[in-house]
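The file model_26.cif contains mmCIF, C-alpha atoms and all ligand atoms:
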data_query
loop_
_atom_site.label_atom_id
_atom_site.label_comp_id
_atom_site.auth_asym_id
_atom_site.auth_seq_id
_atom_site.Cartn_x
_atom_site.Cartn_y
_atom_site.Cartn_z
CA MET U 157 -41.72 59.32 -65.04
CA SER U 158 -38.91 58.11 -67.28
CA ASN U 159 -36.83 55.07 -66.38
CA ASP U 160 -33.46 56.76 -66.50
CA GLY U 161 -32.75 56.26 -62.79
CA ASN U 162 -32.28 59.21 -60.44
CA ASN U 163 -28.51 59.07 -60.58
CA GLY U 164 -27.78 62.71 -61.38
CA ASN U 165 -24.19 61.93 -62.42
CA SER U 166 -23.85 60.10 -65.71
CA LYS U 167 -20.03 60.19 -65.79
CA GLY U 168 -18.94 57.99 -62.88
CA PRO U 169 -20.05 54.41 -62.35
CA ILE U 170 -23.55 54.04 -60.98
CA LEU U 171 -22.37 51.19 -58.78
CA SER U 172 -18.92 50.59 -57.35
CA ILE U 173 -18.06 47.47 -55.38
CA ARG U 174 -14.76 47.70 -53.54
CA ASN U 175 -13.02 44.74 -51.88
CA ILE U 176 -16.18 43.19 -50.50
CA LYS U 177 -15.76 40.31 -48.11
CA LYS U 178 -18.57 38.46 -46.39
CA THR U 179 -17.69 35.82 -43.86
CA TYR U 180 -20.22 33.67 -42.02
CA ASN U 181 -19.10 32.25 -38.70
CA GLN U 182 -22.08 30.07 -37.82
CA GLY U 183 -20.34 26.68 -38.14
CA LYS U 184 -16.95 25.43 -36.95
CA ILE U 185 -15.22 26.65 -40.10
CA PRO U 186 -15.87 30.22 -41.30
CA VAL U 187 -17.51 30.42 -44.74
CA HIS U 188 -16.08 33.09 -47.02
CA ALA U 189 -19.24 33.71 -49.05
CA LEU U 190 -17.53 36.70 -50.71
CA ASP U 191 -13.77 37.00 -50.79
CA ASP U 192 -12.48 40.32 -52.09
CA VAL U 193 -14.98 41.19 -54.81
CA SER U 194 -14.55 44.46 -56.73
CA PHE U 195 -16.19 45.77 -59.89
CA ASP U 196 -17.84 48.85 -61.37
CA VAL U 197 -21.14 49.09 -63.20
CA LYS U 198 -22.04 51.80 -65.69
CA LYS U 199 -25.47 53.36 -65.97
CA GLY U 200 -27.66 51.37 -68.30
CA GLU U 201 -25.54 48.20 -68.21
CA PHE U 202 -27.40 44.91 -68.22
CA ILE U 203 -25.21 42.47 -66.30
CA SER U 204 -25.63 38.82 -65.47
CA ILE U 205 -23.97 37.07 -62.57
CA VAL U 206 -23.49 33.34 -63.03
CA GLY U 207 -21.63 30.61 -61.16
CA PRO U 208 -22.16 27.39 -59.25
CA SER U 209 -24.53 27.08 -56.32
CA GLY U 210 -22.94 28.54 -53.20
CA SER U 211 -20.52 30.78 -55.11
CA GLY U 212 -21.86 33.94 -53.47
CA LYS U 213 -24.26 35.35 -56.07
CA SER U 214 -27.23 35.97 -53.76
CA THR U 215 -24.97 37.21 -50.99
CA LEU U 216 -23.59 39.80 -53.40
CA LEU U 217 -27.08 40.96 -54.47
CA SER U 218 -28.18 41.21 -50.81
CA ILE U 219 -25.22 43.46 -50.01
CA ILE U 220 -25.78 45.70 -53.04
CA GLY U 221 -29.47 45.88 -52.11
CA LEU U 222 -28.81 46.78 -48.46
CA LEU U 223 -30.49 43.64 -47.21
CA ASP U 224 -27.19 42.53 -45.70
CA ARG U 225 -23.89 44.12 -44.68
CA PRO U 226 -20.43 43.07 -45.83
CA THR U 227 -17.81 41.99 -43.29
CA GLU U 228 -15.33 44.26 -45.08
CA GLY U 229 -15.31 46.57 -48.10
CA SER U 230 -17.49 49.30 -49.57
CA VAL U 231 -20.42 49.68 -51.92
CA PHE U 232 -21.10 53.02 -53.62
CA ILE U 233 -24.36 53.77 -55.42
CA ASP U 234 -24.46 57.09 -57.28
CA SER U 235 -21.19 57.92 -55.48
CA MET U 236 -22.86 57.49 -52.08
CA GLU U 237 -21.21 54.94 -49.79
CA ILE U 238 -24.22 52.88 -48.81
CA THR U 239 -22.13 50.59 -46.64
CA LYS U 240 -21.59 53.59 -44.34
CA ALA U 241 -25.32 54.32 -44.02
CA LYS U 242 -26.96 53.93 -40.63
CA GLU U 243 -29.26 50.95 -40.14
CA SER U 244 -32.19 53.36 -39.76
CA GLU U 245 -31.44 54.91 -43.17
CA ALA U 246 -31.27 51.59 -45.02
CA PRO U 247 -35.00 51.23 -45.83
CA ARG U 248 -35.18 54.68 -47.42
CA ILE U 249 -32.01 54.21 -49.46
CA ARG U 250 -33.21 50.78 -50.56
CA ARG U 251 -36.58 52.21 -51.59
CA GLU U 252 -35.06 55.09 -53.55
CA LYS U 253 -32.07 53.37 -55.16
CA ILE U 254 -32.95 49.70 -55.55
CA GLY U 255 -35.67 47.68 -57.24
CA PHE U 256 -35.80 43.97 -56.38
CA VAL U 257 -37.19 41.16 -58.52
CA PHE U 258 -37.36 37.69 -56.98
CA GLN U 259 -37.59 34.20 -58.43
CA HIS U 260 -41.00 33.59 -56.84
CA PHE U 261 -42.39 37.09 -57.58
CA ASN U 262 -43.23 37.84 -53.89
CA LEU U 263 -46.41 39.75 -54.73
CA LEU U 264 -48.99 40.36 -52.01
CA PRO U 265 -51.71 37.77 -52.71
CA ALA U 266 -54.67 39.79 -51.44
CA LEU U 267 -53.86 42.82 -53.60
CA THR U 268 -54.53 43.43 -57.28
CA ALA U 269 -51.74 44.07 -59.79
CA MET U 270 -52.40 47.83 -59.50
CA GLU U 271 -52.31 47.73 -55.70
CA ASN U 272 -49.10 45.68 -55.68
CA VAL U 273 -47.36 48.35 -57.75
CA ASP U 274 -49.03 51.23 -55.91
CA ILE U 275 -47.94 49.98 -52.48
CA ALA U 276 -44.26 50.13 -53.48
CA MET U 277 -44.68 53.92 -53.84
CA ARG U 278 -46.52 54.33 -50.52
CA PHE U 279 -43.65 56.10 -48.74
CA SER U 280 -42.36 57.96 -51.79
CA GLY U 281 -44.25 61.17 -51.13
CA ILE U 282 -46.25 60.79 -54.36
CA PRO U 283 -49.96 61.53 -53.70
CA GLY U 284 -52.41 58.61 -53.99
CA GLY U 285 -54.00 59.69 -57.27
CA LYS U 286 -50.66 60.15 -58.98
CA ARG U 287 -49.47 56.77 -57.65
CA LYS U 288 -52.47 55.04 -59.19
CA GLU U 289 -51.84 56.84 -62.45
CA ARG U 290 -48.21 55.74 -62.46
CA ALA U 291 -49.08 52.14 -61.48
CA PHE U 292 -51.54 51.98 -64.37
CA GLN U 293 -49.04 53.52 -66.78
CA LEU U 294 -46.29 51.06 -65.76
CA LEU U 295 -48.56 48.03 -66.05
CA THR U 296 -49.77 49.23 -69.45
CA GLN U 297 -46.16 49.80 -70.56
CA ILE U 298 -45.32 46.15 -69.81
CA GLY U 299 -48.42 44.87 -71.56
CA LEU U 300 -50.68 44.25 -68.57
CA GLY U 301 -53.13 47.12 -69.04
CA ASP U 302 -55.98 44.62 -69.14
CA ARG U 303 -54.87 42.80 -65.97
CA VAL U 304 -54.65 45.68 -63.50
CA LYS U 305 -57.51 44.41 -61.35
CA HIS U 306 -56.32 40.79 -61.29
CA ARG U 307 -54.88 39.27 -58.14
CA PRO U 308 -51.65 37.23 -58.36
CA SER U 309 -53.58 33.91 -58.21
CA GLU U 310 -55.53 35.03 -61.28
CA MET U 311 -52.39 35.59 -63.36
CA SER U 312 -49.80 33.37 -65.05
CA GLY U 313 -46.25 33.18 -63.70
CA GLY U 314 -45.01 35.44 -66.46
CA GLN U 315 -47.71 38.01 -65.79
CA GLN U 316 -46.92 37.94 -62.07
CA GLN U 317 -43.24 38.44 -62.80
CA ARG U 318 -44.06 41.41 -65.03
CA VAL U 319 -46.11 42.93 -62.19
CA ALA U 320 -43.09 42.36 -59.94
CA ILE U 321 -40.90 44.18 -62.47
CA ALA U 322 -43.38 47.09 -62.62
CA ARG U 323 -43.24 47.20 -58.83
CA ALA U 324 -39.42 47.16 -58.90
CA ILE U 325 -39.22 50.16 -61.27
CA ALA U 326 -42.08 52.12 -59.67
CA ASN U 327 -39.81 54.38 -57.60
CA ASN U 328 -37.47 54.89 -60.56
CA PRO U 329 -34.51 53.24 -58.79
CA SER U 330 -30.91 53.57 -59.94
CA ILE U 331 -30.45 49.80 -60.04
CA ILE U 332 -32.67 46.77 -60.54
CA LEU U 333 -31.48 43.58 -58.87
CA ALA U 334 -33.05 40.30 -59.93
CA ASP U 335 -32.24 36.91 -58.36
CA GLU U 336 -33.24 34.15 -60.80
CA PRO U 337 -36.14 36.18 -62.28
CA THR U 338 -36.76 33.48 -64.89
CA GLY U 339 -36.19 30.52 -62.59
CA ALA U 340 -39.89 29.82 -62.07
CA VAL U 341 -41.28 30.47 -65.55
CA ASP U 342 -41.38 28.49 -68.81
CA THR U 343 -39.03 29.11 -71.75
CA LYS U 344 -41.44 31.31 -73.70
CA THR U 345 -42.17 33.47 -70.67
CA ARG U 346 -38.46 33.63 -69.97
CA GLU U 347 -37.97 35.41 -73.30
CA VAL U 348 -40.74 37.90 -72.48
CA ILE U 349 -39.07 38.73 -69.17
CA VAL U 350 -35.60 39.03 -70.72
CA GLU U 351 -36.95 41.27 -73.52
CA LEU U 352 -38.57 43.50 -70.91
CA LEU U 353 -35.32 43.78 -68.94
CA LYS U 354 -33.43 44.53 -72.17
CA GLU U 355 -35.87 47.31 -72.99
CA LEU U 356 -35.47 48.81 -69.52
CA SER U 357 -31.68 48.76 -69.88
CA LYS U 358 -31.96 50.46 -73.29
CA GLY U 359 -34.01 53.12 -71.53
CA GLY U 360 -31.10 53.73 -69.14
CA GLN U 361 -32.02 51.44 -66.26
CA THR U 362 -29.11 49.51 -64.75
CA ILE U 363 -29.88 45.83 -64.29
CA ILE U 364 -28.07 43.02 -62.50
CA VAL U 365 -29.51 39.56 -62.94
CA VAL U 366 -28.38 36.42 -61.15
CA THR U 367 -29.11 33.39 -63.28
CA HIS U 368 -28.24 29.73 -63.77
CA ASP U 369 -29.50 30.00 -67.33
CA MET U 370 -26.76 30.70 -69.88
CA ASP U 371 -29.42 31.47 -72.50
CA VAL U 372 -30.40 34.42 -70.31
CA ALA U 373 -26.79 35.40 -69.49
CA ARG U 374 -25.82 35.43 -73.18
CA GLN U 375 -28.42 38.12 -73.84
CA THR U 376 -26.87 40.55 -71.36
CA ASP U 377 -24.08 43.10 -71.99
CA ARG U 378 -21.66 41.53 -69.55
CA ILE U 379 -21.28 38.23 -67.71
CA ILE U 380 -19.61 38.08 -64.31
CA THR U 381 -18.79 34.52 -63.26
CA MET U 382 -18.42 33.85 -59.54
CA ARG U 383 -16.53 30.92 -58.08
CA ASP U 384 -15.93 30.34 -54.35
CA GLY U 385 -16.82 33.92 -53.46
CA ARG U 386 -14.52 35.45 -56.06
CA ILE U 387 -14.94 36.82 -59.56
CA ALA U 388 -13.60 34.08 -61.84
CA SER U 389 -14.24 36.06 -65.04
CA ASP U 390 -15.86 39.29 -66.16
CA THR U 391 -16.55 39.49 -69.88
CA GLY U 392 -18.72 41.33 -72.34
CA SER U 393 -21.18 38.87 -73.82
CA GLU U 394 -20.14 37.81 -77.34
CA MET U 395 -23.80 37.72 -78.43
CA LYS U 396 -24.08 41.52 -78.51
N1 LIG U 401 -26.97 33.29 -43.53
C1 LIG U 401 -25.96 32.46 -43.82
N2 LIG U 401 -25.27 31.83 -42.84
C2 LIG U 401 -24.24 31.02 -43.11
N3 LIG U 401 -23.78 30.77 -44.35
C3 LIG U 401 -24.43 31.35 -45.38
C4 LIG U 401 -25.55 32.23 -45.17
N4 LIG U 401 -25.99 32.67 -46.37
C5 LIG U 401 -25.19 32.11 -47.29
N5 LIG U 401 -24.25 31.31 -46.70
C6 LIG U 401 -23.20 30.56 -47.40
O1 LIG U 401 -22.49 31.45 -48.24
C7 LIG U 401 -22.17 30.84 -49.48
C8 LIG U 401 -22.74 31.65 -50.63
O2 LIG U 401 -24.17 31.58 -50.61
P1 LIG U 401 -25.11 32.27 -51.70
O3 LIG U 401 -26.50 32.10 -51.24
O4 LIG U 401 -24.62 33.65 -51.92
O5 LIG U 401 -24.81 31.37 -52.98
P2 LIG U 401 -25.46 31.44 -54.44
O6 LIG U 401 -24.33 31.63 -55.38
O7 LIG U 401 -26.56 32.44 -54.46
O8 LIG U 401 -26.04 29.96 -54.61
P3 LIG U 401 -27.38 29.44 -55.37
O9 LIG U 401 -27.02 29.42 -56.82
O10 LIG U 401 -27.56 28.07 -54.82
O11 LIG U 401 -28.50 30.37 -55.04
C9 LIG U 401 -22.70 29.42 -49.40
O12 LIG U 401 -21.65 28.56 -49.01
C10 LIG U 401 -23.75 29.51 -48.32
O13 LIG U 401 -23.89 28.26 -47.67
MG MG U 402 -28.65 32.30 -54.72
#

In structure tokens, how does this file's structure come out?
Amino acid sequence: MSNDGNNGNSKGPILSIRNIKKTYNQGKIPVHALDDVSFDVKKGEFISIVGPSGSGKSTLLSIIGLLDRPTEGSVFIDSMEITKAKESEAPRIRREKIGFVFQHFNLLPALTAMENVDIAMRFSGIPGGKRKERAFQLLTQIGLGDRVKHRPSEMSGGQQQRVAIARAIANNPSIILADEPTGAVDTKTREVIVELLKELSKGGQTIIVVTHDMDVARQTDRIITMRDGRIASDTGSEMK
């Protein structure tokens, strides 16, 4: 039930990106969304990815999260080459290794906070009663113990995003990927979300956040700046 990720091996990098290229050929001119991107991520690192619109940030997250495949290159999670996985294996690997947090929360509107977290664990093999217990525990842990029966429309943006974070960590994934998680919330709520992500990283969870907000990026351990599908810089944040 801890948030230390089921990585098993604490010595090697939890995530290894090797020479990733992603080329789109829809138009007349091919678009090199990612052009030879490589980096390693240690367990428990809290990383932000910044860069101009169109620089390849979301493409990179989609490839790490097995929502898309690279044109070339490899991605290893917990030393397993996920880019070699069969298409039929992708959903299980994604469920076990990755937690996603989106800008617009993407909660199921008809379900309560509890049910939204519970449903993420549906295929995990955890029995129903235990799933409910864990959903309640996670929501309580992030300060929503009194909102478990609320539906998304009955919650603030910040509360919805916290439910989405509880959902993302429900299966104890190795890595949390968040694309603009504070893009749709106010400044005060932004700090609540960032504090929560910081706490998770202190607990050993590995977090990669794409953001346009340098106030968010500055609070992370490491800032990777993308430009034209390449890593323009990769630096430890001076704020820490
Ligand atoms: N499915 C697609 N088909 C064709 N081109 C695409 C596709 N998805 C992304 N691209 C192109 O790849 C490049 C990188 O896109 P990506 O969405 O990764 O950028 P981003 O850094 O996330 O931008 P933003 O900050 O605006 O979200 C862009 O030039 C985009 O137009
Ligand atoms: Mg994007």

**OP:** Quick one: everything within 10 Å of U:Thr345, counting all atoms listed in the file, minus sequence neighbours fewer than 6 positions away in the same chain. Send it as a list in words.
**Re:**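 My reading of the contact set: Ser312, Gly313, Gly314, Gln315, Gln317, Arg318, Thr338 and Glu351 of chain U.
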
Select from chain U every residue with an atom at most 9 Å from any atom of ligand MG 402 (chain U), then for each give the shortest pair of atoms and their distance in Å to one decimal, using only C-alpha atoms and all ligand atoms, rows by chain and rising number, as a Markdown table.
| residue | atom | partner | partner_atom | distance |
| --- | --- | --- | --- | --- |
| U:Ser209 | CA | U:MG402 | MG | 6.8 |
| U:Gly210 | CA | U:MG402 | MG | 7.0 |
| U:Ser211 | CA | U:MG402 | MG | 8.3 |
| U:Gly212 | CA | U:MG402 | MG | 7.1 |
| U:Lys213 | CA | U:MG402 | MG | 5.5 |
| U:Ser214 | CA | U:MG402 | MG | 4.1 |
| U:Thr215 | CA | U:MG402 | MG | 7.2 |
| U:Leu217 | CA | U:MG402 | MG | 8.8 |
| U:Asp335 | CA | U:MG402 | MG | 6.9 |
| U:Glu336 | CA | U:MG402 | MG | 7.8 |
| U:Val366 | CA | U:MG402 | MG | 7.6 |
| U:Thr367 | CA | U:MG402 | MG | 8.6 |

Give me, as a Markdown table, each residue of stretch 191-307 of chain U that comes within 9 Å of stretch 387-391 of chain U, together with its shortest interatomic pair and the distance in Å at one decimal, counting only C-alpha atoms, with rows ordered by chain and rising residue number.
| residue | atom | partner | partner_atom | distance |
| --- | --- | --- | --- | --- |
| U:Asp191 | CA | U:Ile387 | CA | 8.8 |
| U:Asp192 | CA | U:Ile387 | CA | 8.6 |
| U:Val193 | CA | U:Ile387 | CA | 6.5 |
| U:Ser194 | CA | U:Ile387 | CA | 8.2 |
| U:Gly207 | CA | U:Ala388 | CA | 8.8 |

Original post:
Nearest to ligand LIG 401 (chain U) among U:Lys358, U:Arg374, U:Arg303, U:His368, with distances taken over only C-alpha atoms and all ligand atoms: which residue is it?
Top reply: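 Smallest distance to ligand LIG 401 (chain U) is found for U:His368.
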
Subject >> Shell around U:Gln293 at 12 Å using all atoms listed in the file, local window under 3 positions removed, as a VMD selection string >> reply: chain U and resid 157 to 158 270 273 to 274 286 to 290 296 to 302 304 319 322 to 323 325 to 326

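Each of U:Ala334, U:Phe292, U:Gly339, U:Arg346 was checked against U:Ile205 using all atoms listed in the file; the smallest atom-to-atom distance is that of U:Ala334.
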